[in-house]
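upload.cif (mmCIF, N, CA and C atoms)
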data_coords
#
loop_
_atom_site.group_PDB
_atom_site.id
_atom_site.type_symbol
_atom_site.label_atom_id
_atom_site.label_comp_id
_atom_site.auth_asym_id
_atom_site.auth_seq_id
_atom_site.Cartn_x
_atom_site.Cartn_y
_atom_site.Cartn_z
ATOM 1 N N MET N 9 -3.909 -18.017 -0.177
ATOM 2 C CA MET N 9 -3.955 -16.939 0.757
ATOM 3 C C MET N 9 -3.788 -15.637 -0.023
ATOM 4 N N ILE N 10 -4.594 -14.668 0.314
ATOM 5 C CA ILE N 10 -4.489 -13.347 -0.301
ATOM 6 C C ILE N 10 -4.192 -12.346 0.808
ATOM 7 N N LEU N 11 -3.123 -11.600 0.620
ATOM 8 C CA LEU N 11 -2.765 -10.531 1.553
ATOM 9 C C LEU N 11 -2.849 -9.213 0.801
ATOM 10 N N THR N 12 -3.445 -8.222 1.418
ATOM 11 C CA THR N 12 -3.513 -6.905 0.803
ATOM 12 C C THR N 12 -2.916 -5.879 1.753
ATOM 13 N N SER N 13 -2.377 -4.828 1.192
ATOM 14 C CA SER N 13 -1.801 -3.760 2.001
ATOM 15 C C SER N 13 -1.811 -2.475 1.195
ATOM 16 N N ASN N 14 -1.973 -1.379 1.889
ATOM 17 C CA ASN N 14 -1.861 -0.085 1.227
ATOM 18 C C ASN N 14 -0.473 0.505 1.443
ATOM 19 N N GLN N 15 0.442 -0.297 1.965
ATOM 20 C CA GLN N 15 1.810 0.130 2.217
ATOM 21 C C GLN N 15 2.759 -0.569 1.249
ATOM 22 N N SER N 16 3.784 0.135 0.819
ATOM 23 C CA SER N 16 4.802 -0.492 -0.018
ATOM 24 C C SER N 16 5.637 -1.421 0.855
ATOM 25 N N PHE N 17 6.348 -2.340 0.217
ATOM 26 C CA PHE N 17 7.184 -3.261 0.978
ATOM 27 C C PHE N 17 8.232 -2.505 1.791
ATOM 28 N N GLY N 18 8.728 -1.414 1.261
ATOM 29 C CA GLY N 18 9.728 -0.618 1.965
ATOM 30 C C GLY N 18 9.213 -0.002 3.250
ATOM 31 N N ALA N 19 7.913 0.191 3.360
ATOM 32 C CA ALA N 19 7.325 0.801 4.555
ATOM 33 C C ALA N 19 6.957 -0.230 5.616
ATOM 34 N N TRP N 20 7.110 -1.502 5.330
ATOM 35 C CA TRP N 20 6.709 -2.530 6.286
ATOM 36 C C TRP N 20 7.553 -2.517 7.546
ATOM 37 N N GLY N 21 8.774 -2.018 7.467
ATOM 38 C CA GLY N 21 9.596 -1.896 8.671
ATOM 39 C C GLY N 21 8.945 -0.990 9.693
ATOM 40 N N GLU N 22 8.325 0.081 9.224
ATOM 41 C CA GLU N 22 7.609 0.981 10.121
ATOM 42 C C GLU N 22 6.326 0.333 10.631
ATOM 43 N N VAL N 23 5.671 -0.447 9.798
ATOM 44 C CA VAL N 23 4.423 -1.108 10.193
ATOM 45 C C VAL N 23 4.693 -2.077 11.346
ATOM 46 N N PHE N 24 5.746 -2.885 11.212
ATOM 47 C CA PHE N 24 6.062 -3.876 12.239
ATOM 48 C C PHE N 24 6.956 -3.312 13.333
ATOM 49 N N GLY N 25 7.489 -2.114 13.135
ATOM 50 C CA GLY N 25 8.343 -1.516 14.138
ATOM 51 C C GLY N 25 9.761 -2.058 14.145
ATOM 52 N N ASP N 26 10.092 -2.893 13.176
ATOM 53 C CA ASP N 26 11.428 -3.500 13.120
ATOM 54 C C ASP N 26 11.707 -3.906 11.682
ATOM 55 N N ARG N 27 12.718 -3.280 11.084
ATOM 56 C CA ARG N 27 13.028 -3.570 9.672
ATOM 57 C C ARG N 27 13.494 -5.002 9.466
ATOM 58 N N VAL N 28 14.261 -5.544 10.406
ATOM 59 C CA VAL N 28 14.764 -6.911 10.276
ATOM 60 C C VAL N 28 13.599 -7.897 10.309
ATOM 61 N N LEU N 29 12.665 -7.694 11.237
ATOM 62 C CA LEU N 29 11.486 -8.552 11.327
ATOM 63 C C LEU N 29 10.652 -8.456 10.053
ATOM 64 N N ALA N 30 10.439 -7.238 9.555
ATOM 65 C CA ALA N 30 9.655 -7.052 8.334
ATOM 66 C C ALA N 30 10.325 -7.729 7.147
ATOM 67 N N THR N 31 11.652 -7.634 7.066
ATOM 68 C CA THR N 31 12.386 -8.282 5.978
ATOM 69 C C THR N 31 12.229 -9.789 6.044
ATOM 70 N N ALA N 32 12.316 -10.359 7.241
ATOM 71 C CA ALA N 32 12.165 -11.807 7.404
ATOM 72 C C ALA N 32 10.759 -12.259 7.019
ATOM 73 N N ILE N 33 9.755 -11.510 7.429
ATOM 74 C CA ILE N 33 8.366 -11.857 7.089
ATOM 75 C C ILE N 33 8.162 -11.781 5.582
ATOM 76 N N LEU N 34 8.604 -10.692 4.968
ATOM 77 C CA LEU N 34 8.446 -10.547 3.520
ATOM 78 C C LEU N 34 9.202 -11.627 2.763
ATOM 79 N N ASP N 35 10.386 -11.991 3.235
ATOM 80 C CA ASP N 35 11.173 -13.037 2.591
ATOM 81 C C ASP N 35 10.400 -14.351 2.550
ATOM 82 N N ARG N 36 9.770 -14.698 3.643
ATOM 83 C CA ARG N 36 9.041 -15.969 3.716
ATOM 84 C C ARG N 36 7.710 -15.918 2.971
ATOM 85 N N VAL N 37 7.029 -14.778 3.052
ATOM 86 C CA VAL N 37 5.722 -14.656 2.390
ATOM 87 C C VAL N 37 5.879 -14.568 0.871
ATOM 88 N N LEU N 38 6.899 -13.861 0.405
ATOM 89 C CA LEU N 38 7.040 -13.609 -1.031
ATOM 90 C C LEU N 38 7.833 -14.673 -1.773
ATOM 91 N N HIS N 39 8.342 -15.681 -1.056
ATOM 92 C CA HIS N 39 9.200 -16.689 -1.678
ATOM 93 C C HIS N 39 8.541 -17.341 -2.893
ATOM 94 N N HIS N 40 7.301 -17.762 -2.768
ATOM 95 C CA HIS N 40 6.575 -18.390 -3.881
ATOM 96 C C HIS N 40 5.330 -17.589 -4.253
ATOM 97 N N ALA N 41 5.370 -16.294 -4.020
ATOM 98 C CA ALA N 41 4.185 -15.465 -4.221
ATOM 99 C C ALA N 41 4.150 -14.833 -5.602
ATOM 100 N N ILE N 42 2.973 -14.466 -5.988
ATOM 101 C CA ILE N 42 2.753 -13.619 -7.160
ATOM 102 C C ILE N 42 2.226 -12.301 -6.612
ATOM 103 N N THR N 43 2.899 -11.214 -6.939
ATOM 104 C CA THR N 43 2.450 -9.919 -6.446
ATOM 105 C C THR N 43 1.776 -9.149 -7.575
ATOM 106 N N ILE N 44 0.735 -8.450 -7.209
ATOM 107 C CA ILE N 44 -0.019 -7.638 -8.158
ATOM 108 C C ILE N 44 -0.105 -6.235 -7.575
ATOM 109 N N ASN N 45 0.373 -5.261 -8.314
ATOM 110 C CA ASN N 45 0.320 -3.870 -7.886
ATOM 111 C C ASN N 45 -0.883 -3.219 -8.564
ATOM 112 N N ILE N 46 -1.842 -2.819 -7.759
ATOM 113 C CA ILE N 46 -3.057 -2.195 -8.273
ATOM 114 C C ILE N 46 -2.939 -0.694 -8.030
ATOM 115 N N ARG N 47 -3.039 0.074 -9.092
ATOM 116 C CA ARG N 47 -2.947 1.526 -8.975
ATOM 117 C C ARG N 47 -4.339 2.129 -9.019
ATOM 118 N N GLY N 48 -4.456 3.288 -8.423
ATOM 119 C CA GLY N 48 -5.733 3.989 -8.447
ATOM 120 C C GLY N 48 -6.370 4.011 -7.077
ATOM 121 N N HIS N 49 -7.519 4.609 -7.015
ATOM 122 C CA HIS N 49 -8.224 4.758 -5.751
ATOM 123 C C HIS N 49 -8.996 3.488 -5.412
ATOM 124 N N SER N 50 -9.101 3.196 -4.120
ATOM 125 C CA SER N 50 -9.897 2.065 -3.670
ATOM 126 C C SER N 50 -11.386 2.404 -3.817
ATOM 127 N N TYR N 51 -12.230 1.391 -3.752
ATOM 128 C CA TYR N 51 -13.664 1.630 -3.847
ATOM 129 C C TYR N 51 -14.148 2.498 -2.684
ATOM 130 N N ARG N 52 -13.617 2.265 -1.490
ATOM 131 C CA ARG N 52 -14.021 3.080 -0.347
ATOM 132 C C ARG N 52 -13.640 4.535 -0.563
ATOM 133 N N LEU N 53 -12.427 4.781 -1.077
ATOM 134 C CA LEU N 53 -12.004 6.148 -1.319
ATOM 135 C C LEU N 53 -12.846 6.787 -2.420
ATOM 136 N N LYS N 54 -13.187 6.024 -3.460
ATOM 137 C CA LYS N 54 -14.026 6.560 -4.533
ATOM 138 C C LYS N 54 -15.368 7.030 -3.989
ATOM 139 N N GLU N 55 -15.954 6.241 -3.083
ATOM 140 C CA GLU N 55 -17.250 6.620 -2.513
ATOM 141 C C GLU N 55 -17.120 7.872 -1.644
ATOM 142 N N LYS N 56 -16.038 7.968 -0.898
ATOM 143 C CA LYS N 56 -15.829 9.155 -0.066
ATOM 144 C C LYS N 56 -15.598 10.384 -0.938
ATOM 145 N N LEU N 57 -14.890 10.208 -2.058
ATOM 146 C CA LEU N 57 -14.676 11.330 -2.977
ATOM 147 C C LEU N 57 -15.998 11.799 -3.564
ATOM 148 N N LYS N 58 -16.858 10.842 -3.957
ATOM 149 C CA LYS N 58 -18.167 11.200 -4.511
ATOM 150 C C LYS N 58 -19.004 11.966 -3.497
ATOM 151 N N ALA N 59 -18.917 11.545 -2.229
ATOM 152 C CA ALA N 59 -19.709 12.175 -1.177
ATOM 153 C C ALA N 59 -19.101 13.496 -0.716
ATOM 154 N N GLY N 60 -17.899 13.816 -1.177
ATOM 155 C CA GLY N 60 -17.244 15.053 -0.783
ATOM 156 C C GLY N 60 -16.647 15.008 0.614
ATOM 157 N N LEU N 61 -16.423 13.804 1.133
ATOM 158 C CA LEU N 61 -15.886 13.673 2.487
ATOM 159 C C LEU N 61 -14.372 13.834 2.544
ATOM 160 N N VAL N 62 -13.700 13.579 1.431
ATOM 161 C CA VAL N 62 -12.239 13.737 1.364
ATOM 162 C C VAL N 62 -11.859 14.384 0.054
ATOM 163 N N ARG N 63 -10.687 14.987 0.061
ATOM 164 C CA ARG N 63 -10.118 15.557 -1.170
ATOM 165 C C ARG N 63 -8.765 14.910 -1.389
ATOM 166 N N VAL N 64 -8.465 14.581 -2.618
ATOM 167 C CA VAL N 64 -7.170 14.035 -2.975
ATOM 168 C C VAL N 64 -6.384 15.144 -3.635
ATOM 169 N N GLU N 65 -5.213 15.423 -3.087
ATOM 170 C CA GLU N 65 -4.368 16.459 -3.671
ATOM 171 C C GLU N 65 -3.668 15.916 -4.888
ATOM 172 N N GLU N 66 -3.746 16.648 -5.969
ATOM 173 C CA GLU N 66 -3.048 16.265 -7.194
ATOM 174 C C GLU N 66 -1.585 16.626 -7.044
ATOM 175 N N PRO N 67 -0.673 15.797 -7.555
ATOM 176 C CA PRO N 67 0.744 16.159 -7.483
ATOM 177 C C PRO N 67 1.016 17.422 -8.286
ATOM 178 N N SER N 68 1.860 18.279 -7.727
ATOM 179 C CA SER N 68 2.171 19.520 -8.426
ATOM 180 C C SER N 68 3.114 19.232 -9.586
ATOM 181 N N PRO N 69 2.916 19.902 -10.723
ATOM 182 C CA PRO N 69 3.796 19.675 -11.870
ATOM 183 C C PRO N 69 5.197 20.187 -11.567
ATOM 184 N N THR N 70 6.194 19.436 -11.974
ATOM 185 C CA THR N 70 7.575 19.864 -11.781
ATOM 186 C C THR N 70 8.046 20.643 -12.986
ATOM 187 N N THR N 71 8.787 21.696 -12.739
ATOM 188 C CA THR N 71 9.273 22.506 -13.851
ATOM 189 C C THR N 71 10.759 22.415 -13.975
#
Output the file's structure in the form of C-alpha cells.
Amino acid sequence: MILTSNQSFGAWGEVFGDRVLATAILDRVLHHAITINIRGHSYRLKEKLKAGLVRVEEPSPTT
C-alpha cells in the first residue's frame, strides 16, 4: 500500500479534525512502514509554474 500526503504528520490532526484520532491512525499505519520524504515541487505544480498560473514565494532571508 502506498499513501501520499502533502501534509506533515503533525498537521494530520487538523485533516481528521481530531488529534487523538489522527495519532491512532498514524500509529497503526506507521508501525511497519517505511516513510520517504520527497522535497521539491510536484509535477503538477511544476507545470503550473511553467504556464505562469501560480507563483511560489521564496522564503525571505533572515538577518
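Atom CA of Glu22 of chain N to atom C of Glu55 of chain N spans 28.2 Å [interatomic distance, one decimal].
Comparing the minimum interatomic distances between Leu34 of chain N and each of N:Ala59, N:Arg47, N:Leu11, N:Lys54, counting only C-alpha atoms, we find that N:Leu11 sits nearest.
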Where does DSSP see helix (DSSP H, G or I) in segment 20-55 of chain N, if you list the residues as an MDAnalysis selection string? chainID N and resid 20:24 27:38 51:55
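Among the candidates N:Asp26, N:Asn14, N:Ala19, N:Asp35, the one nearest to Gly48 of chain N when counting only C-alpha atoms is N:Asn14.
Separating atom CA of Ser50 of chain N from atom CA of Gln15 of chain N is a distance of 13.2 Å.
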Have a look at atom N of Phe17 of chain N and atom N of His40 of chain N and let me know their distance in Å, one decimal. 15.7 Å
